[in-house]
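Source file: query.pdb. Holds: PDB, C-alpha atoms.
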ATOM      1  CA  MET A1131      33.094   2.083  18.933
ATOM      2  CA  THR A1132      31.843   1.078  15.482
ATOM      3  CA  GLU A1133      28.689   2.847  14.369
ATOM      4  CA  ARG A1134      25.922   0.398  13.569
ATOM      5  CA  SER A1135      24.117   0.431  10.243
ATOM      6  CA  PRO A1136      20.497   1.581  10.376
ATOM      7  CA  ALA A1137      17.850  -1.136  10.388
ATOM      8  CA  PRO A1138      16.881  -2.181   6.868
ATOM      9  CA  LEU A1139      13.580  -1.211   5.328
ATOM     10  CA  ARG A1140      11.744  -4.513   4.857
ATOM     11  CA  VAL A1141       9.396  -4.537   1.870
ATOM     12  CA  GLY A1142       7.276  -7.527   0.938
ATOM     13  CA  ILE A1143       5.569  -8.085  -2.416
ATOM     14  CA  LEU A1144       2.476 -10.268  -2.266
ATOM     15  CA  ALA A1145       2.690 -13.372  -4.452
ATOM     16  CA  LEU A1146      -0.400 -14.106  -6.542
ATOM     17  CA  ASP A1147      -1.028 -16.439  -9.464
ATOM     18  CA  GLY A1148      -1.599 -14.357 -12.595
ATOM     19  CA  VAL A1149       0.364 -11.416 -11.228
ATOM     20  CA  MET A1150       1.996  -8.976 -13.657
ATOM     21  CA  LEU A1151       5.706  -9.804 -13.656
ATOM     22  CA  SER A1152       6.667  -6.127 -13.781
ATOM     23  CA  SER A1153       4.660  -5.456 -10.600
ATOM     24  CA  VAL A1154       6.939  -7.860  -8.749
ATOM     25  CA  ALA A1155      10.290  -7.393 -10.473
ATOM     26  CA  GLY A1156      10.034  -3.609 -10.870
ATOM     27  CA  PRO A1157       9.770  -2.618  -7.180
ATOM     28  CA  SER A1158      12.268  -5.305  -6.185
ATOM     29  CA  ASP A1159      14.852  -4.133  -8.728
ATOM     30  CA  ALA A1160      14.345  -0.475  -7.811
ATOM     31  CA  LEU A1161      15.027  -1.220  -4.140
ATOM     32  CA  ARG A1162      18.082  -3.265  -5.094
ATOM     33  CA  VAL A1163      19.452  -0.353  -7.148
ATOM     34  CA  ALA A1164      18.846   2.007  -4.214
ATOM     35  CA  GLY A1165      20.721  -0.375  -1.928
ATOM     36  CA  LYS A1166      23.700  -0.611  -4.297
ATOM     37  CA  LEU A1167      23.873   3.167  -4.605
ATOM     38  CA  ALA A1168      23.660   3.508  -0.816
ATOM     39  CA  SER A1169      26.602   1.141  -0.343
ATOM     40  CA  ILE A1170      28.689   3.153  -2.819
ATOM     41  CA  ARG A1171      27.857   6.376  -1.003
ATOM     42  CA  ASP A1172      28.635   4.919   2.438
ATOM     43  CA  PRO A1173      30.514   1.592   2.307
ATOM     44  CA  ILE A1174      30.779   1.407   6.107
ATOM     45  CA  ASN A1175      27.209   2.011   7.268
ATOM     46  CA  PRO A1176      24.918   2.051   4.232
ATOM     47  CA  VAL A1177      21.169   2.279   4.528
ATOM     48  CA  GLN A1178      19.687  -1.042   3.537
ATOM     49  CA  PHE A1179      16.616  -2.163   1.665
ATOM     50  CA  GLU A1180      15.303  -5.712   1.811
ATOM     51  CA  SER A1181      12.631  -7.033  -0.517
ATOM     52  CA  ALA A1182      10.968 -10.429  -0.517
ATOM     53  CA  VAL A1183       8.117 -12.025  -2.418
ATOM     54  CA  VAL A1184       5.772 -13.470   0.195
ATOM     55  CA  SER A1185       2.854 -15.858  -0.054
ATOM     56  CA  ALA A1186      -0.167 -15.665   2.223
ATOM     57  CA  ARG A1187      -0.771 -19.349   1.420
ATOM     58  CA  GLY A1188       2.759 -20.595   1.992
ATOM     59  CA  GLN A1189       3.245 -21.400  -1.699
ATOM     60  CA  SER A1190       6.743 -22.088  -2.973
ATOM     61  CA  GLU A1191       6.090 -20.504  -6.378
ATOM     62  CA  VAL A1192       3.460 -18.673  -8.427
ATOM     63  CA  GLN A1193       2.812 -18.385 -12.139
ATOM     64  CA  THR A1194       2.881 -14.868 -13.562
ATOM     65  CA  SER A1195       0.634 -13.657 -16.362
ATOM     66  CA  ALA A1196       3.645 -13.885 -18.673
ATOM     67  CA  GLY A1197       3.888 -17.637 -18.023
ATOM     68  CA  ILE A1198       7.091 -17.220 -16.027
ATOM     69  CA  SER A1199       7.191 -18.865 -12.608
ATOM     70  CA  ILE A1200       8.503 -17.007  -9.569
ATOM     71  CA  GLY A1201      10.073 -19.350  -7.032
ATOM     72  CA  GLY A1202      11.796 -18.939  -3.698
ATOM     73  CA  LEU A1203       8.731 -17.409  -2.080
ATOM     74  CA  GLN A1204       8.699 -16.722   1.615
ATOM     75  CA  GLY A1205       5.785 -17.492   3.920
ATOM     76  CA  PRO A1206       3.423 -14.837   5.296
ATOM     77  CA  ARG A1207       5.979 -12.696   7.113
ATOM     78  CA  GLU A1208       4.744 -10.438   9.884
ATOM     79  CA  ASP A1209       7.913  -8.349  10.322
ATOM     80  CA  LEU A1210       7.444  -6.251   7.187
ATOM     81  CA  ASP A1211       7.491  -2.469   7.168
ATOM     82  CA  VAL A1212       5.614  -2.317   3.854
ATOM     83  CA  LEU A1213       3.615  -4.846   1.849
ATOM     84  CA  ILE A1214       2.981  -4.185  -1.842
ATOM     85  CA  VAL A1215      -0.129  -5.656  -3.449
ATOM     86  CA  PRO A1216       0.851  -5.956  -7.129
ATOM     87  CA  GLY A1217      -1.231  -5.639 -10.272
ATOM     88  CA  LEU A1218      -3.086  -8.586 -11.778
ATOM     89  CA  MET A1219      -3.426  -9.198 -15.489
ATOM     90  CA  HIS A1220      -7.020  -9.368 -16.703
ATOM     91  CA  GLU A1221      -8.948  -9.079 -19.946
ATOM     92  CA  CYS A1222     -11.708  -6.816 -18.645
ATOM     93  CA  PRO A1223     -12.868  -5.203 -15.385
ATOM     94  CA  SER A1224     -15.681  -7.721 -14.930
ATOM     95  CA  GLY A1225     -13.166 -10.557 -15.172
ATOM     96  CA  LEU A1226     -11.042  -8.859 -12.538
ATOM     97  CA  THR A1227     -13.932  -8.496 -10.094
ATOM     98  CA  GLN A1228     -14.827 -12.163 -10.552
ATOM     99  CA  GLN A1229     -11.345 -13.120  -9.344
ATOM    100  CA  LEU A1230     -11.776 -11.340  -6.013
ATOM    101  CA  ALA A1231     -13.749 -14.120  -4.301
ATOM    102  CA  ALA A1232     -10.720 -16.431  -4.491
ATOM    103  CA  TYR A1233      -8.430 -14.377  -2.233
ATOM    104  CA  THR A1234      -9.682 -15.168   1.282
ATOM    105  CA  PRO A1235      -6.194 -16.118   2.634
ATOM    106  CA  GLU A1236      -4.762 -12.899   1.194
ATOM    107  CA  TYR A1237      -7.501 -10.787   2.786
ATOM    108  CA  GLU A1238      -6.815 -12.355   6.170
ATOM    109  CA  TYR A1239      -3.099 -11.652   5.754
ATOM    110  CA  LEU A1240      -3.748  -8.005   4.842
ATOM    111  CA  HIS A1241      -5.940  -7.539   7.924
ATOM    112  CA  ASN A1242      -3.301  -9.158  10.122
ATOM    113  CA  LEU A1243      -0.569  -6.844   8.843
ATOM    114  CA  HIS A1244      -2.860  -3.814   9.112
ATOM    115  CA  ARG A1245      -3.474  -4.588  12.786
ATOM    116  CA  ARG A1246       0.285  -4.704  13.280
ATOM    117  CA  GLY A1247       0.720  -1.249  11.740
ATOM    118  CA  THR A1248       2.322  -2.403   8.492
ATOM    119  CA  ILE A1249       1.969  -0.003   5.566
ATOM    120  CA  ILE A1250       0.026  -1.654   2.751
ATOM    121  CA  ALA A1251       0.521  -0.259  -0.750
ATOM    122  CA  ALA A1252      -1.541  -1.534  -3.679
ATOM    123  CA  THR A1253      -0.814  -0.669  -7.275
ATOM    124  CA  CYS A1254      -2.733  -0.752 -10.552
ATOM    125  CA  SER A1255      -5.422  -3.485 -10.540
ATOM    126  CA  GLY A1256      -4.101  -4.717  -7.189
ATOM    127  CA  THR A1257      -6.150  -1.898  -5.677
ATOM    128  CA  PHE A1258      -9.261  -4.004  -6.386
ATOM    129  CA  MET A1259      -8.014  -6.758  -4.088
ATOM    130  CA  PHE A1260      -7.065  -4.176  -1.475
ATOM    131  CA  ALA A1261     -10.552  -2.646  -1.643
ATOM    132  CA  ALA A1262     -12.231  -6.065  -1.596
ATOM    133  CA  SER A1263     -10.518  -6.758   1.727
ATOM    134  CA  GLY A1264     -12.625  -3.979   3.228
ATOM    135  CA  LEU A1265      -9.600  -2.059   4.505
ATOM    136  CA  LEU A1266     -10.191   0.861   2.143
ATOM    137  CA  ASP A1267     -13.800   1.436   3.211
ATOM    138  CA  GLY A1268     -14.178   5.051   4.302
ATOM    139  CA  HIS A1269     -10.748   5.949   2.946
ATOM    140  CA  ARG A1270      -9.329   7.718  -0.107
ATOM    141  CA  ALA A1271      -7.711   5.745  -2.902
ATOM    142  CA  THR A1272      -6.690   5.738  -6.541
ATOM    143  CA  THR A1273      -6.378   3.020  -9.163
ATOM    144  CA  SER A1274      -5.416   2.604 -12.793
ATOM    145  CA  TRP A1275      -7.301   5.400 -14.578
ATOM    146  CA  TRP A1276      -9.085   3.148 -17.061
ATOM    147  CA  LEU A1277     -10.547   1.042 -14.230
ATOM    148  CA  ALA A1278     -12.073   4.014 -12.409
ATOM    149  CA  SER A1279     -15.700   3.449 -13.443
ATOM    150  CA  SER A1280     -15.615  -0.226 -12.519
ATOM    151  CA  PHE A1281     -13.900   0.538  -9.205
ATOM    152  CA  ARG A1282     -16.507   3.139  -8.220
ATOM    153  CA  SER A1283     -19.320   0.751  -9.056
ATOM    154  CA  ARG A1284     -17.780  -2.150  -7.141
ATOM    155  CA  PHE A1285     -16.539  -0.190  -4.103
ATOM    156  CA  PRO A1286     -18.901   2.729  -3.374
ATOM    157  CA  ARG A1287     -17.567   3.068   0.200
ATOM    158  CA  VAL A1288     -14.127   4.069  -1.074
ATOM    159  CA  THR A1289     -13.523   7.691  -2.076
ATOM    160  CA  LEU A1290     -11.809   7.290  -5.423
ATOM    161  CA  GLU A1291      -9.437  10.017  -6.648
ATOM    162  CA  ALA A1292      -8.762   8.447 -10.018
ATOM    163  CA  ASP A1293      -6.665  11.305 -11.428
ATOM    164  CA  GLN A1294      -4.058  10.955  -8.696
ATOM    165  CA  MET A1295      -0.839   9.048  -9.294
ATOM    166  CA  MET A1296      -0.639   8.137  -5.611
ATOM    167  CA  VAL A1297      -2.956   8.496  -2.624
ATOM    168  CA  LYS A1298      -1.743   8.051   0.952
ATOM    169  CA  ASP A1299      -4.385   7.752   3.660
ATOM    170  CA  GLY A1300      -2.561   6.880   6.860
ATOM    171  CA  PRO A1301      -0.876   3.464   6.455
ATOM    172  CA  LEU A1302      -3.027   2.729   3.376
ATOM    173  CA  VAL A1303      -1.377   3.610   0.068
ATOM    174  CA  THR A1304      -2.679   3.178  -3.460
ATOM    175  CA  THR A1305      -1.025   4.060  -6.752
ATOM    176  CA  GLY A1306      -2.385   4.337 -10.267
ATOM    177  CA  ALA A1307      -1.463   2.510 -13.453
ATOM    178  CA  ALA A1308       1.406   0.019 -13.514
ATOM    179  CA  THR A1309       4.536   2.201 -13.427
ATOM    180  CA  SER A1310       3.155   4.582 -10.794
ATOM    181  CA  ILE A1311       4.437   2.198  -8.092
ATOM    182  CA  TYR A1312       7.921   3.519  -8.872
ATOM    183  CA  ASN A1313       6.931   6.924  -7.514
ATOM    184  CA  TYR A1314       6.043   5.328  -4.201
ATOM    185  CA  ILE A1315       9.232   3.237  -4.137
ATOM    186  CA  LEU A1316      11.297   6.405  -4.576
ATOM    187  CA  GLU A1317       9.318   8.041  -1.785
ATOM    188  CA  LEU A1318      10.228   5.103   0.473
ATOM    189  CA  VAL A1319      13.873   5.465  -0.549
ATOM    190  CA  ALA A1320      13.746   9.172   0.323
ATOM    191  CA  GLU A1321      12.161   8.498   3.720
ATOM    192  CA  HIS A1322      14.651   5.763   4.612
ATOM    193  CA  GLY A1323      17.829   6.910   2.866
ATOM    194  CA  GLY A1324      17.402  10.606   2.151
ATOM    195  CA  GLU A1325      16.257  12.743  -0.747
ATOM    196  CA  ASP A1326      19.666  12.653  -2.465
ATOM    197  CA  LEU A1327      19.588   8.848  -2.641
ATOM    198  CA  ALA A1328      16.041   8.908  -4.018
ATOM    199  CA  GLN A1329      17.021  11.414  -6.702
ATOM    200  CA  GLN A1330      20.058   9.364  -7.687
ATOM    201  CA  THR A1331      17.990   6.175  -7.847
ATOM    202  CA  GLY A1332      15.380   7.941  -9.971
ATOM    203  CA  ARG A1333      18.056   9.133 -12.392
ATOM    204  CA  MET A1334      19.537   5.649 -12.674
ATOM    205  CA  LEU A1335      16.136   4.181 -13.514
ATOM    206  CA  VAL A1336      14.932   7.214 -15.536
ATOM    207  CA  ILE A1337      11.841   7.654 -13.359
ATOM    208  CA  ASP A1338       9.986  10.958 -13.573
ATOM    209  CA  ARG A1339       9.238  11.868  -9.962
ATOM    210  CA  GLU A1340       7.391  14.984 -11.077
ATOM    211  CA  ARG A1341       4.415  12.923 -12.257
ATOM    212  CA  GLN A1342       1.698  13.733  -9.753
ATOM    213  CA  SER A1343      -1.364  13.006 -11.847
ATOM    214  CA  GLN A1344      -2.676  10.371 -14.243
ATOM    215  CA  ALA A1345      -4.866  12.969 -15.931
ATOM    216  CA  PRO A1346      -2.582  13.628 -18.956
ATOM    217  CA  TYR A1347      -2.699   9.931 -19.834
ATOM    218  CA  VAL A1348      -6.462   9.420 -19.563
ATOM    219  CA  SER A1349      -8.317   8.381 -22.701
ATOM    220  CA  LEU A1350     -12.093   8.105 -22.349
ATOM    221  CA  ALA A1351     -12.137   5.787 -25.358
ATOM    222  CA  MET A1352     -10.335   3.150 -23.279
ATOM    223  CA  MET A1353     -12.425   3.516 -20.139
ATOM    224  CA  GLU A1354     -15.251   1.130 -19.369
ATOM    225  CA  ARG A1355     -18.584   2.847 -19.933
ATOM    226  CA  PRO A1356     -21.922   2.041 -18.318
ATOM    227  CA  ARG A1357     -24.008  -0.342 -20.417
ATOM    228  CA  HIS A1358     -27.358   1.344 -20.185
ATOM    229  CA  SER A1359     -29.703   2.354 -22.999
ATOM    230  CA  LEU A1360     -30.039   5.896 -21.639
ATOM    231  CA  SER A1361     -26.255   6.283 -21.351
ATOM    232  CA  GLU A1362     -25.743   5.023 -24.895
ATOM    233  CA  ARG A1363     -28.469   7.309 -26.289
ATOM    234  CA  ALA A1364     -26.975  10.316 -24.520
ATOM    235  CA  GLU A1365     -23.457   9.395 -25.623
ATOM    236  CA  ARG A1366     -24.386   9.141 -29.306
ATOM    237  CA  TYR A1367     -26.090  12.517 -29.155
ATOM    238  CA  LEU A1368     -23.190  14.193 -27.380
ATOM    239  CA  GLN A1369     -20.578  12.830 -29.768
ATOM    240  CA  ARG A1370     -22.651  14.033 -32.727
ATOM    241  CA  GLU A1371     -23.424  17.490 -31.340
ATOM    242  CA  LEU A1372     -20.340  18.209 -29.228
ATOM    243  CA  HIS A1373     -19.186  20.979 -31.570
ATOM    244  CA  GLN A1374     -22.418  22.855 -30.867
ATOM    245  CA  GLU A1375     -23.385  24.796 -27.765
ATOM    246  CA  MET A1376     -24.587  22.131 -25.363
ATOM    247  CA  THR A1377     -26.629  22.391 -22.180
ATOM    248  CA  VAL A1378     -27.945  19.858 -19.696
ATOM    249  CA  ALA A1379     -31.476  20.956 -20.615
ATOM    250  CA  LYS A1380     -30.869  20.083 -24.289
ATOM    251  CA  LEU A1381     -29.446  16.688 -23.356
ATOM    252  CA  ALA A1382     -32.368  15.898 -21.040
ATOM    253  CA  GLU A1383     -34.851  16.918 -23.731
ATOM    254  CA  HIS A1384     -33.160  14.656 -26.274
ATOM    255  CA  CYS A1385     -33.229  11.733 -23.820
ATOM    256  CA  GLY A1386     -36.873  12.370 -22.996
ATOM    257  CA  ILE A1387     -36.391  12.757 -19.239
ATOM    258  CA  SER A1388     -36.260  15.587 -16.713
ATOM    259  CA  GLU A1389     -33.006  17.326 -15.818
ATOM    260  CA  ARG A1390     -33.323  15.969 -12.278
ATOM    261  CA  SER A1391     -33.651  12.381 -13.529
ATOM    262  CA  LEU A1392     -30.700  12.897 -15.855
ATOM    263  CA  LEU A1393     -28.629  14.202 -12.949
ATOM    264  CA  ARG A1394     -29.488  11.145 -10.837
ATOM    265  CA  HIS A1395     -28.625   8.834 -13.721
ATOM    266  CA  TYR A1396     -25.226  10.398 -14.337
ATOM    267  CA  ARG A1397     -24.285  10.435 -10.675
ATOM    268  CA  SER A1398     -25.282   6.788 -10.350
ATOM    269  CA  HIS A1399     -23.694   5.456 -13.556
ATOM    270  CA  HIS A1400     -20.845   7.867 -14.252
ATOM    271  CA  GLY A1401     -19.938   9.258 -10.839
ATOM    272  CA  MET A1402     -20.289  12.825 -12.108
ATOM    273  CA  THR A1403     -22.882  15.361 -13.257
ATOM    274  CA  PRO A1404     -24.013  15.629 -16.907
ATOM    275  CA  LEU A1405     -22.173  18.942 -17.225
ATOM    276  CA  GLU A1406     -18.948  17.405 -15.917
ATOM    277  CA  HIS A1407     -19.340  14.556 -18.409
ATOM    278  CA  ILE A1408     -19.837  16.992 -21.288
ATOM    279  CA  GLN A1409     -16.706  18.859 -20.200
ATOM    280  CA  HIS A1410     -14.761  15.587 -20.040
ATOM    281  CA  LEU A1411     -15.829  14.750 -23.601
ATOM    282  CA  ARG A1412     -14.792  18.182 -24.839
ATOM    283  CA  VAL A1413     -11.384  17.920 -23.225
ATOM    284  CA  GLU A1414     -11.007  14.439 -24.718
ATOM    285  CA  ARG A1415     -11.787  15.767 -28.175
ATOM    286  CA  ALA A1416      -9.284  18.586 -27.672
ATOM    287  CA  LYS A1417      -6.628  16.046 -26.678
ATOM    288  CA  ALA A1418      -7.225  14.042 -29.842
ATOM    289  CA  LEU A1419      -6.982  17.144 -32.025
ATOM    290  CA  LEU A1420      -3.838  18.338 -30.260
ATOM    291  CA  GLU A1421      -2.258  14.918 -30.819
ATOM    292  CA  THR A1422      -3.209  14.423 -34.460
ATOM    293  CA  THR A1423      -3.619  17.821 -36.158
ATOM    294  CA  HIS A1424      -1.831  21.127 -36.646
ATOM    295  CA  LEU A1425      -4.966  23.145 -35.874
ATOM    296  CA  SER A1426      -4.460  26.181 -33.692
ATOM    297  CA  PHE A1427      -5.852  25.987 -30.185
ATOM    298  CA  GLU A1428      -8.470  28.580 -31.119
ATOM    299  CA  GLU A1429      -9.694  26.326 -33.953
ATOM    300  CA  ILE A1430      -9.716  23.326 -31.630
ATOM    301  CA  VAL A1431     -11.747  25.210 -29.028
ATOM    302  CA  GLU A1432     -14.352  26.017 -31.685
ATOM    303  CA  ARG A1433     -14.592  22.355 -32.709
ATOM    304  CA  CYS A1434     -15.151  21.436 -29.080
ATOM    305  CA  GLY A1435     -18.232  23.635 -28.797
ATOM    306  CA  TYR A1436     -16.653  26.478 -26.819
ATOM    307  CA  SER A1437     -16.497  30.132 -27.757
ATOM    308  CA  ASP A1438     -14.358  31.365 -24.861
ATOM    309  CA  VAL A1439     -10.768  30.271 -25.498
ATOM    310  CA  SER A1440      -9.519  31.438 -22.102
ATOM    311  CA  SER A1441     -12.130  29.521 -20.100
ATOM    312  CA  PHE A1442     -11.568  26.345 -22.145
ATOM    313  CA  ARG A1443      -7.826  26.627 -21.607
ATOM    314  CA  LYS A1444      -8.477  26.719 -17.850
ATOM    315  CA  LEU A1445     -10.855  23.749 -18.125
ATOM    316  CA  PHE A1446      -8.272  21.772 -20.106
ATOM    317  CA  LYS A1447      -5.519  22.456 -17.597
ATOM    318  CA  ARG A1448      -7.754  21.556 -14.656
ATOM    319  CA  ALA A1449      -8.859  18.277 -16.274
ATOM    320  CA  SER A1450      -5.481  17.236 -17.706
ATOM    321  CA  ALA A1451      -3.031  18.694 -15.180
ATOM    322  CA  THR A1452      -1.110  20.270 -18.045
ATOM    323  CA  THR A1453      -1.507  23.140 -20.507
ATOM    324  CA  PRO A1454      -2.705  22.527 -24.087
ATOM    325  CA  SER A1455       0.698  23.509 -25.516
ATOM    326  CA  ASP A1456       2.580  21.208 -23.141
ATOM    327  CA  TYR A1457       0.139  18.392 -23.898
ATOM    328  CA  ARG A1458       0.671  18.786 -27.655
ATOM    329  CA  GLU A1459       4.439  18.837 -27.267
ATOM    330  CA  ARG A1460       4.370  15.698 -25.135
ATOM    331  CA  PHE A1461       1.802  13.541 -26.936
ATOM    332  CA  ARG A1462       1.573  14.675 -30.552
ATOM    333  CA  LEU A1463       2.178  12.059 -33.215
ATOM    334  CA  ARG A1464       5.627  12.476 -34.747
ATOM    335  CA  ALA A1465       6.895  11.424 -38.133
ATOM    336  CA  HIS A1466       9.696   8.847 -37.964
TER     337      HIS A1466
END

Starting from the file, lay out its structure as C-alpha cells.
Amino acid sequence: MTERSPAPLRVGILALDGVMLSSVAGPSDALRVAGKLASIRDPINPVQFESAVVSARGQSEVQTSAGISIGGLQGPREDLDVLIVPGLMHECPSGLTQQLAAYTPEYEYLHNLHRRGTIIAATCSGTFMFAASGLLDGHRATTSWWLASSFRSRFPRVTLEADQMMVKDGPLVTTGAATSIYNYILELVAEHGGEDLAQQTGRMLVIDRERQSQAPYVSLAMMERPRHSLSERAERYLQRELHQEMTVAKLAEHCGISERSLLRHYRSHHGMTPLEHIQHLRVERAKALLETTHLSFEEIVERCGYSDVSSFRKLFKRASATTPSDYRERFRLRAH
C-alpha cells in the first residue's frame, strides 16, 4: 500500500493595494524553496507547502507600492491554515493610520478566518491593520520598531512588546520589521516539515534564525516622537545634559512641573517612565559612539553620564539584547 503524502500547509497572503512587494514575494518564495528542498529529501512523499495571494474583495489584481501589479489573485479562501497580513508602504505613521478606515472587507475576512481557527500572522506595518480589526485587543503583539510609539497611541488595548522579533499569542502572530516574517516562515516549515528542513531552508536563503529581538536595530532618531511642548523642552535639555549626572527631580525642575506630573506625562506620551527614557537615550548615545568612534567603552560610559561601567554594561545588554563589544563588531562603520 502506497504511503500518502501529508496534507499541505496552506498559507494565504492578503492582497492589498499599496502592499510592499517583498511582503508578498518573500514569504511565497521561502515556502516554495522549502517545498523544493522537501521534494529532494523525499521524492516519494514530500511535505508540501502551498501559498496563494488572496483578496478579501475578490479582486483579480492589486498594485504594489513599487508600481508592479500582482495578478492571479484568489478569492477569500476559508480553507487556509495561515493567513499573512503583509506590510504596507507609507510615508509616515499618521498616513498609515488614515488608511485603516478603508479596510472594512479585510476586517470582516480576518474575523471570519479567526472564528474558523485560522492562524493570522501580521508583519511590519500590517500589524496596524490587524490591530484595527480589533482582534488584537487584550493580546500581546509586536510591530516594526520605529512604529512603536504610534502603535501604542493608536491601540492602547494591545500590549505591545516592540523589542520582540515575533510574538505569538494563541492563533494571533505578529512580527517586527519587514524581514522578520522570514523567522515565522521558517518556524512554520519546522512545525510542518521538521527542524532539519527549516535549517536547510534558512541556509539556502541566508536567514539568521537566531534573531530574537529587534533591540539591536533600534534607533531613537528614526522613531516618531510625541509632538508636545513639554516633551520637546525635556528632550532638548536631556540631549544637552546627558553627559552629566541626571535625575528625574532635575528634569522635573527644569520643566517646571512636579515629578508626579512628569511621570504621568511620560507614561501617557512615551509609554515609559522618565528614568526609562533617560536610560534609552544613554544607550542610544552609546550605540552611536560604538558605531562611529574608537573610544574605549569606559570613555563612552563617561560621555553617557554614567560612572559605573559594570552597571551601564548590564543596562546596555538589557536594552539592546547584545553586549557593547558585539554591538560594535556588528554595526561599526568600516572603511571600504

So that I can check the surroundings of Cys1385 of chain A, please list as a compact mmCIF listing (two decimals) with C-alpha atoms, in the coordinates of the input every protein, DNA and RNA residue that reaches within 8 Å of it, counting only C-alpha atoms and ignoring chain neighbours fewer than 5 positions away.
# COMPACT_ATOMS: atom_id res chain seq x y z
CA LEU A 1360 -30.04 5.90 -21.64
CA ARG A 1363 -28.47 7.31 -26.29
CA ALA A 1364 -26.98 10.32 -24.52

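Of the listed residues (A:Ile1387, A:Leu1392, A:Ala1278, A:Leu1318), A:Leu1318 comes nearest to Phe1179 of chain A; the distances count all atoms listed in the file.
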
Chain and number of each residue from the PyMOL selection byres ((chain A and resi 1185) around 6), as a ChimeraX atom specification: /A:1145,1184,1186-1189,1205-1206

Result set of the PyMOL selection byres ((chain A and resi 1406-1409) around 10) on the coordinates above, as number ranges by chain: A: 1365, 1368-1369, 1372, 1376-1378, 1381, 1396, 1400-1405, 1410-1415, 1434-1435, 1442, 1445-1446, 1449

Set up a box along x, y and z of the file covering all listed atoms of segment 1149-1165 of chain A, add 6 Å on every one of the six sides, and write the centre and edge lengths in Å to one decimal, as AutoDock Vina command-line options.
--center_x 10.5 --center_y -4.7 --center_z -7.9 --size_x 32.4 --size_y 25.4 --size_z 23.9

Spatial sel., origin (22.2, 11.5, 0.3), limit 12 Å, all atoms listed in the file, listed as a PyMOL selection string: chain A and resi 1164+1167-1172+1176-1177+1319-1331

Option closest in space to Asp1293 of chain A, from A:Gly1201, A:Ala1307, A:Tyr1312, A:Met1334 [counting only C-alpha atoms]: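 Nearest candidate to Asp1293 of chain A out of A:Gly1201, A:Ala1307, A:Tyr1312, A:Met1334: A:Ala1307.
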
Cut-off 12 Å around (8.0, 3.7, -5.9) with all atoms listed in the file: residues as an MDAnalysis selection string: chainID A and resid 1141 1153:1154 1156:1161 1164 1212 1214 1251:1253 1295:1296 1303:1306 1308:1321 1328:1329 1331:1332 1335 1337:1339 1341

Coordinates-based distance that separates atom CA of Ser1343 of chain A from atom CA of Ala1451 of chain A (Å, one decimal): 6.8 Å

Interatomic distance (Å, one decimal) between atom CA of Ser1391 of chain A and atom CA of Arg1366 of chain A: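 Atom CA of Arg1366 of chain A lies at a distance of 18.6 Å from atom CA of Ser1391 of chain A.
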
All residues 12 Å or closer to segment 1208-1210 of chain A, only C-alpha atoms, same chain fewer than 5 positions away omitted, as number ranges by chain: A: 1138-1144, 1179-1186, 1239-1250

Result set of the PyMOL selection byres ((chain A and resi 1220-1233) around 7) on the coordinates above, as a list in words: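 Output of the PyMOL selection byres ((chain A and resi 1220-1233) around 7): Leu1218, Met1219, Thr1234, Pro1235, Glu1236, Tyr1237, Met1259, Ala1262, Leu1277 and Ser1280 of chain A.
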
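Here atom CA of Glu1421 of chain A and atom CA of Arg1460 of chain A stand 8.8 Å from one another.
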